[in-house]
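Before any comments, here is the structure.
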Amino acid sequence: MAENKDMENYRATSAEEEEDYFDNVELELDYSISVTEGSVELKKDSIKEQKKYMRDSHGDMDDEEFLQNMQLVNNDEAYLTRAAKRLEVYEHQKKNPYFGKVTFRYDDEGDVIPFYIGMAGYESDMNNEQLIYDWRAPVSSMYYAYEKGPASYTVNTEDMGSEKFTGHIIEKKQFVIVNGKLREAVDTDANINDVILLEALGGNSSVKMKSVVATIQKEQDAIIRNRTAYNLIVDGRAGSGKTVIAMHRLAWLLYNYKTLDSDRVMILSPNSIFGDYISDVLPELEENSVPEKEFDSLLEELLYIDEEYETKLEQSEFIIDSGDQENQRIRNLKVKSSIGFYDRFNEFLERYVSEIKFRTFHYQKVEYTGDDISAMFNGRFSRKPVYERFENIAYFIVDRVEDNSPKEFPEEKKNNLARQIQKQMVNLFAERNLVKLYVDFLAEMEPEYPGISEYKNEYGKICYEDILPILYLQVYFYGCNTYNNIKHLVIDEMQDYTIFQYAILDRIFGCKKTILGDRYQVLFYNPEETVVDVLTKIFAKRNGQGGYELMELSESYRSTAEITEFCNNILGDEGIGGNTVERHGRVPEEIQCGSLDEAVEFINDKLSYGDMDAYDNIAILTNDEADAYEVYRQLSEYTEVTLITNQSVVYSGGVVVLPKFLAKGMEFDAVYVMTDGTYKNSMVTRHTHYIACTRALHELYVIDVMQSE
């Protein structure tokens with residue numbers, strides 16, 4: 001009854017009152033801009049005077065006075081940097097200061113407080129009143145999580161625990177503000193008004209991914225604000241907003257965990273183009289950009305074998321070209337990416353380590369018995385990576401050597417000696433050639449899986465599916481401390497990684513992780529062993545540490561209902577399902593063309609006669625880079641078009657031609673998907689086709705080009 005009474009007694013603010021509040025915020029922002037600009041000018045004058053004083057008095061200053069004056073200059077220059085950032089935020093806020101509002105009555109005191117929510121918070125310089133709350137603030141979570149009625153929010157601090165506040169939301173509004181003008185104030189009971197959401201989804205795509213703080217949905221917000229998961233796994237269908245959720249989660253983490261700096265967070269991206277595509281989101285959310293890596297660059301950076309090996313791109317092209325052909329390598333690839341193969345490899349390594357035979361080791365006049373070494377190797381240092389144990393033992397030997405020396409060793413000498421001793425012990429007791437050790441394992445598997453011992457492609461390079469276990473072997477034996485500074489890792493397109501890649505990442509990055517993807521957007525889809533099965537195995541809790549939480553996103557927001565239905569039909573009975581926002585548009589078209597020339601002519605006609613004028617970003621997706629180049633070459637004779645390859649690092653929008661595998665995670669207003677008409681015949685090509693078609697927001701054209709005899 002109390003809730004109903006609240007609703008009856010509270011009078012929602014009128015349109016005129018909302019206009020007045022908006023005008024007051026604009027006035028306050030103008031004042032803050034003026035005050036900040038005035039402070040900037042004063043600081044600039046102060047810096048100028050300080051530097052002049054230091055030049056004029058340099059000869060009379062002692063070192064301490066010079067350093068004090070230099071520190072004053074540095075402090076003032078740091079203030080200017082912060083002030084410039086603050087002015088930039090104020091200017092953005094003037095255009096769109098807030099997008100939502102919840103009026104909350106607290107249970108304890110009965111206080112009724114309106115909270116206006118925006119991209120960034122704003123505190124008045126006139127009276128220190130908080131006029132706007134940052135969307136990441138604890139109180140703002142109610143806007144996304146609750147309808148009108150009972151609600152709560154929790155304030156967490158890293159050193160003082162948490163405090164929960166309960167009450168009732170008695171008013172909830174959304175605002176449409178465009179270029180500093182309040183266009184509309186919408187009362188809503190739901191978390192996001194359908195009209196405003198559909199308007200946002202119906203707009204054109206952009207060259208760079210944008211923030212979506214005004215239209216984040218309840219299930220998305222739960223992922224963004226998750227505090228409890230050590231490893232958060234998000235399995236979402238195409239168009240559910242996984243990547244944008246990942247970026248907003250990073251912004252939320254950086255805001256709420258003050259010890260987490262942007263340089264201690266990393267994103268694992270599928271390619272450079274994707275990295276460029278998402279590069280504006282964090283700055284737009286008032287955070288610095290964070291480091292990005294591709295797995296293949298990690299591989300190149302960390303692996304220290306001399307032999308040549310494939311890239312992920314080369315492996316993908318082989319898979320697509322093979323289709324469903326049961327050749328030896330495809331059979332090997334399926335086995336070598338499986339959980340069973342990973343388990344057998346670990347059993348082999350554990351057996352190998354347990355069978356290491358230790359004997360007396362001599363270095364200079366120091367002698368360590370095999371029993372002494374075994375006791376440390378299998379006891380004191382047993383939790384360390386295998387060959388790192390030898391390094392730890394080596395330091396004990398160095399200490400003995402130093403005891404026999406008339407002088408103490410400097411630290412550098414100790415380290416050099418330890419490395420020498422470690423190398424000698426590895427050579428004496430273990431196998432240093434990682435490739436040979438892996439080949440030994442394959443030979444052991446050969447009777448059960450005939451042909452499994454083949455590990456090089458037709459060009460003599462180690463296959464990608466084989467180089468991953470070799471890197472895992474290296475990390476297993478030697479460890480890796482390169483990325484100990486990283487405290488949160490985001491892995492996007494999780495379905496693109498194998499069990500060995502996740503095992504490697506788990507050992508290299510011992511930090512918390514957010515892992516997102518779609519189990520269906522993968523070339524090999526095996527319902528009996530999906531990427532989710534792999535993740536839950538690798539990130540299971542061990543010795544009370546780590547663990548995971550799995551969250552799913554079933555709602556699709558990217559494409560029209562017609563495109564989504566078309567894409568789901570591509571996979572048939574593989575179990576897509578889920579819900580789609582009811583945004584309607586053109587039914588996708590399938591066109592038959594007798595040649596590539598005819599296909600290019602069809603696309604050019606669409607571009608030339610105004611059919612695509614309403615769209616900013618249009619993609620033509622081909623099977624591989626060779627096809628992409630040929631389409632680009634022909635189409636560029638008629639219109640402005642950009643070719644994107646695996647070496648590209650910038651996406652500039654407009655009409656682009658690119659291979660399908662580079663379009664992952666991206667979206668375009670209109671998409672032309674080039675096929676040879678056989679995509680239904682193969683699981684691999686069917687999934688590739690599904691990935692390509694799900695990139696379209698508003699219009700989709702599938703062009704089947706007849707293959708010449």
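The way I read the labels, and the way they are meant: chains A, B, ... in the order of the structure tokens, residue 1 as the first residue of every chain, and ligand 1 as the first ligand shown, with later ones counted on from there.
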
Exercise: Gln220 in chain A partners within 12 Å, only C-alpha atoms, chain neighbours under 2 positions left out, as a ChimeraX atom specification: /A:141,144-145,191-192,212-213,215-218,222-226,234-236,240-249,551-557

Output for the residues just chosen: N, CA and C atoms as a tab-separated table (two decimals), in the first residue's frame:
```
chain	number	residue	atom	x	y	z
A	141	SER	N	22.46	2.91	-11.42
A	141	SER	CA	22.12	1.54	-11.80
A	141	SER	C	20.61	1.31	-11.76
A	144	TYR	N	18.63	1.56	-15.10
A	144	TYR	CA	18.68	0.43	-16.03
A	144	TYR	C	18.00	-0.82	-15.46
A	145	ALA	N	18.03	-0.98	-14.15
A	145	ALA	CA	17.63	-2.26	-13.55
A	145	ALA	C	16.17	-2.33	-13.14
A	191	ASN	N	12.38	-0.08	-18.48
A	191	ASN	CA	13.75	0.41	-18.28
A	191	ASN	C	14.22	1.28	-19.44
A	192	ILE	N	13.81	0.97	-20.66
A	192	ILE	CA	14.13	1.84	-21.80
A	192	ILE	C	12.90	1.90	-22.69
A	212	VAL	N	26.45	3.70	-26.04
A	212	VAL	CA	25.00	3.52	-26.07
A	212	VAL	C	24.42	3.68	-24.67
A	213	VAL	N	25.00	4.55	-23.87
A	213	VAL	CA	24.61	4.62	-22.46
A	213	VAL	C	23.13	4.95	-22.28
A	215	THR	N	20.64	3.85	-24.04
A	215	THR	CA	19.73	2.77	-24.43
A	215	THR	C	20.21	1.39	-23.96
A	216	ILE	N	21.10	1.36	-22.99
A	216	ILE	CA	21.53	0.07	-22.44
A	216	ILE	C	20.32	-0.64	-21.83
A	217	GLN	N	20.18	-1.92	-22.15
A	217	GLN	CA	19.07	-2.70	-21.65
A	217	GLN	C	19.42	-3.37	-20.32
A	218	LYS	N	18.38	-3.82	-19.61
A	218	LYS	CA	18.56	-4.36	-18.26
A	218	LYS	C	19.55	-5.51	-18.24
A	222	ALA	N	23.34	-5.60	-16.43
A	222	ALA	CA	23.75	-6.59	-15.42
A	222	ALA	C	25.14	-7.12	-15.71
A	223	ILE	N	25.49	-7.25	-17.00
A	223	ILE	CA	26.83	-7.69	-17.38
A	223	ILE	C	27.84	-6.58	-17.13
A	224	ILE	N	27.50	-5.38	-17.53
A	224	ILE	CA	28.41	-4.24	-17.38
A	224	ILE	C	28.80	-4.04	-15.92
A	225	ARG	N	27.85	-4.17	-15.01
A	225	ARG	CA	28.09	-3.86	-13.59
A	225	ARG	C	28.42	-5.09	-12.75
A	226	ASN	N	28.66	-6.22	-13.36
A	226	ASN	CA	28.95	-7.42	-12.59
A	226	ASN	C	30.22	-7.25	-11.76
A	234	VAL	N	30.37	-14.24	-21.51
A	234	VAL	CA	29.11	-13.76	-22.08
A	234	VAL	C	28.90	-14.40	-23.44
A	235	ASP	N	27.89	-15.25	-23.52
A	235	ASP	CA	27.54	-15.92	-24.79
A	235	ASP	C	26.30	-15.23	-25.34
A	236	GLY	N	26.46	-14.50	-26.43
A	236	GLY	CA	25.35	-13.72	-26.97
A	236	GLY	C	25.19	-13.92	-28.46
A	240	SER	N	23.57	-8.81	-30.39
A	240	SER	CA	23.09	-8.59	-29.01
A	240	SER	C	23.87	-7.51	-28.28
A	241	GLY	N	24.89	-6.95	-28.93
A	241	GLY	CA	25.62	-5.83	-28.33
A	241	GLY	C	26.80	-6.24	-27.48
A	242	LYS	N	27.39	-7.39	-27.78
A	242	LYS	CA	28.47	-7.92	-26.92
A	242	LYS	C	29.67	-6.99	-26.86
A	243	THR	N	30.13	-6.52	-28.03
A	243	THR	CA	31.35	-5.71	-28.05
A	243	THR	C	31.12	-4.37	-27.37
A	244	VAL	N	30.00	-3.74	-27.65
A	244	VAL	CA	29.74	-2.44	-27.02
A	244	VAL	C	29.55	-2.62	-25.51
A	245	ILE	N	29.00	-3.75	-25.09
A	245	ILE	CA	28.90	-4.06	-23.66
A	245	ILE	C	30.29	-4.17	-23.06
A	246	ALA	N	31.20	-4.84	-23.77
A	246	ALA	CA	32.57	-5.00	-23.27
A	246	ALA	C	33.22	-3.64	-23.04
A	247	MET	N	33.04	-2.71	-23.98
A	247	MET	CA	33.65	-1.39	-23.85
A	247	MET	C	33.03	-0.60	-22.70
A	248	HIS	N	31.72	-0.70	-22.55
A	248	HIS	CA	31.06	0.00	-21.44
A	248	HIS	C	31.43	-0.64	-20.10
A	249	ARG	N	31.64	-1.95	-20.10
A	249	ARG	CA	32.09	-2.61	-18.87
A	249	ARG	C	33.48	-2.10	-18.48
A	551	MET	N	26.93	-15.82	-18.51
A	551	MET	CA	25.71	-15.06	-18.74
A	551	MET	C	25.40	-15.11	-20.24
A	552	GLU	N	24.10	-15.13	-20.57
A	552	GLU	CA	23.70	-15.24	-21.96
A	552	GLU	C	22.87	-14.03	-22.38
A	553	LEU	N	23.00	-13.66	-23.65
A	553	LEU	CA	22.21	-12.57	-24.25
A	553	LEU	C	21.45	-13.16	-25.42
A	554	SER	N	20.14	-13.16	-25.32
A	554	SER	CA	19.33	-13.78	-26.37
A	554	SER	C	18.64	-12.75	-27.26
A	555	GLU	N	18.62	-11.49	-26.84
A	555	GLU	CA	17.94	-10.45	-27.62
A	555	GLU	C	18.89	-9.90	-28.68
A	556	SER	N	18.38	-9.75	-29.91
A	556	SER	CA	19.17	-9.19	-31.00
A	556	SER	C	18.68	-7.78	-31.32
A	557	TYR	N	19.62	-6.83	-31.40
A	557	TYR	CA	19.25	-5.43	-31.62
A	557	TYR	C	19.76	-4.89	-32.96
```

Near-range 514-518 of chain A list (8 Å; only C-alpha atoms; drop same-chain fewer than 3 positions) as an MDAnalysis selection string: chainID A and resid 231:238 242:243 246 488:495 521:522

Would you return as a ChimeraX atom specification the members of range 424-545 of chain A that DSSP assigns to alpha helix (DSSP H) on this structure's backbone? /A:424-429,434-445,464-478,499-508,531-538

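The set of residues in range 257-381 of chain A assigned to strand (DSSP E) by DSSP, using only backbone atoms of this structure, is A:Val265, A:Met266, A:Ile267, A:Leu268, A:Glu292, A:Lys293, A:Phe361, A:His362, A:Tyr363, A:Val366, A:Glu367, A:Tyr368.
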
Could you give me, as a list in words, the residues within 10 Å of Ile421 in chain A, counting only C-alpha atoms and dropping anything in the same chain fewer than 6 positions from it? Phe361, His362, Tyr363, Phe390, Glu391, Ile393, Ala394, Tyr395, Ile397, Val398, Asn415 and Asn427 of chain A

Find the distance between CA of Phe409 in chain A and CA of Asn392 in chain A and write it in Å to one decimal.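 These atoms are spaced 17.2 Å apart.
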
note - CA of Ile170 in chain A and CA of Asp221 in chain A are separated by 21.0 Å

Can you check which parts of range 53-120 of chain A lie within 9 Å of range 267-291 of chain A? Per residue, the shortest pair of atoms and distance in Å to one decimal, counting only C-alpha atoms, sorted by chain and number, as a tab-separated table.
```
residue	atom	partner	partner_atom	distance
A:Lys85	CA	A:Glu286	CA	8.8
A:Val89	CA	A:Glu286	CA	7.6
A:Met119	CA	A:Leu285	CA	6.6
A:Ala120	CA	A:Glu286	CA	7.4
```

Close residues, Thr678 in chain A itself excluded, 12 Å, only C-alpha atoms, min 2 positions apart in chain, as a list in words: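 Surrounding residues, per the criterion: Gly323, Asp324, Asn623, Met674, Thr675, Asp676, Lys680, Asn681, Ser682, Met683, Val684, Thr685, Arg686, Thr688, His689, Ile703, Asp704, Val705, Met706 and Gln707 of chain A.
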
Would you mind exporting the chosen residues as a PDB file, in the first residue's frame, restricted to C-alpha atoms?
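Okay, this is what ended up in selection.pdb:
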```pdb
ATOM      1  CA  GLY A 323      34.773 -26.839 -46.842  1.00  0.00           C
ATOM      2  CA  ASP A 324      33.537 -30.191 -45.550  1.00  0.00           C
ATOM      3  CA  ASN A 623      35.179 -15.109 -49.596  1.00  0.00           C
ATOM      4  CA  MET A 674      29.192 -12.508 -52.513  1.00  0.00           C
ATOM      5  CA  THR A 675      28.843 -16.295 -52.714  1.00  0.00           C
ATOM      6  CA  ASP A 676      29.281 -19.022 -55.296  1.00  0.00           C
ATOM      7  CA  LYS A 680      24.449 -24.500 -48.089  1.00  0.00           C
ATOM      8  CA  ASN A 681      26.483 -27.590 -48.960  1.00  0.00           C
ATOM      9  CA  SER A 682      29.099 -27.208 -46.211  1.00  0.00           C
ATOM     10  CA  MET A 683      28.951 -26.523 -42.490  1.00  0.00           C
ATOM     11  CA  VAL A 684      32.027 -24.292 -42.763  1.00  0.00           C
ATOM     12  CA  THR A 685      30.713 -22.179 -45.645  1.00  0.00           C
ATOM     13  CA  ARG A 686      27.245 -22.068 -44.058  1.00  0.00           C
ATOM     14  CA  THR A 688      30.865 -18.196 -42.828  1.00  0.00           C
ATOM     15  CA  HIS A 689      27.765 -17.052 -44.705  1.00  0.00           C
ATOM     16  CA  ILE A 703      24.712 -12.371 -54.718  1.00  0.00           C
ATOM     17  CA  ASP A 704      25.284 -15.885 -56.031  1.00  0.00           C
ATOM     18  CA  VAL A 705      27.916 -15.749 -58.781  1.00  0.00           C
ATOM     19  CA  MET A 706      27.808 -18.761 -61.100  1.00  0.00           C
ATOM     20  CA  GLN A 707      31.113 -20.609 -61.248  1.00  0.00           C
TER      21      GLN A 707
END
```

Near-range 641-645 of chain A list (6 Å; only C-alpha atoms; drop same-chain fewer than 6 positions) as a tab-separated table (two decimals) with all heavy atoms, in the first residue's frame:
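Heads up, here's the output in part-v2.tsv:
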```
chain	number	residue	atom	x	y	z
A	655	VAL	N	31.78	3.16	-48.99
A	655	VAL	CA	31.63	1.84	-49.61
A	655	VAL	C	32.96	1.10	-49.47
A	655	VAL	O	34.00	1.59	-49.90
A	655	VAL	CB	31.26	1.97	-51.11
A	655	VAL	CG1	31.09	0.58	-51.72
A	655	VAL	CG2	29.99	2.79	-51.27
A	656	VAL	N	32.91	-0.07	-48.85
A	656	VAL	CA	34.14	-0.82	-48.61
A	656	VAL	C	33.98	-2.25	-49.13
A	656	VAL	O	32.88	-2.81	-49.12
A	656	VAL	CB	34.52	-0.86	-47.11
A	656	VAL	CG1	34.87	0.53	-46.60
A	656	VAL	CG2	33.40	-1.46	-46.27
A	657	VAL	N	35.09	-2.81	-49.59
A	657	VAL	CA	35.14	-4.22	-49.99
A	657	VAL	C	36.13	-4.92	-49.08
A	657	VAL	O	37.26	-4.44	-48.91
A	657	VAL	CB	35.59	-4.37	-51.46
A	657	VAL	CG1	35.52	-5.84	-51.88
A	657	VAL	CG2	34.73	-3.52	-52.38
A	658	LEU	N	35.72	-6.05	-48.50
A	658	LEU	CA	36.62	-6.76	-47.59
A	658	LEU	C	36.23	-8.22	-47.51
A	658	LEU	O	35.08	-8.59	-47.76
A	658	LEU	CB	36.61	-6.14	-46.19
A	658	LEU	CG	35.34	-6.20	-45.35
A	658	LEU	CD1	35.69	-5.99	-43.88
A	658	LEU	CD2	34.31	-5.16	-45.77
```
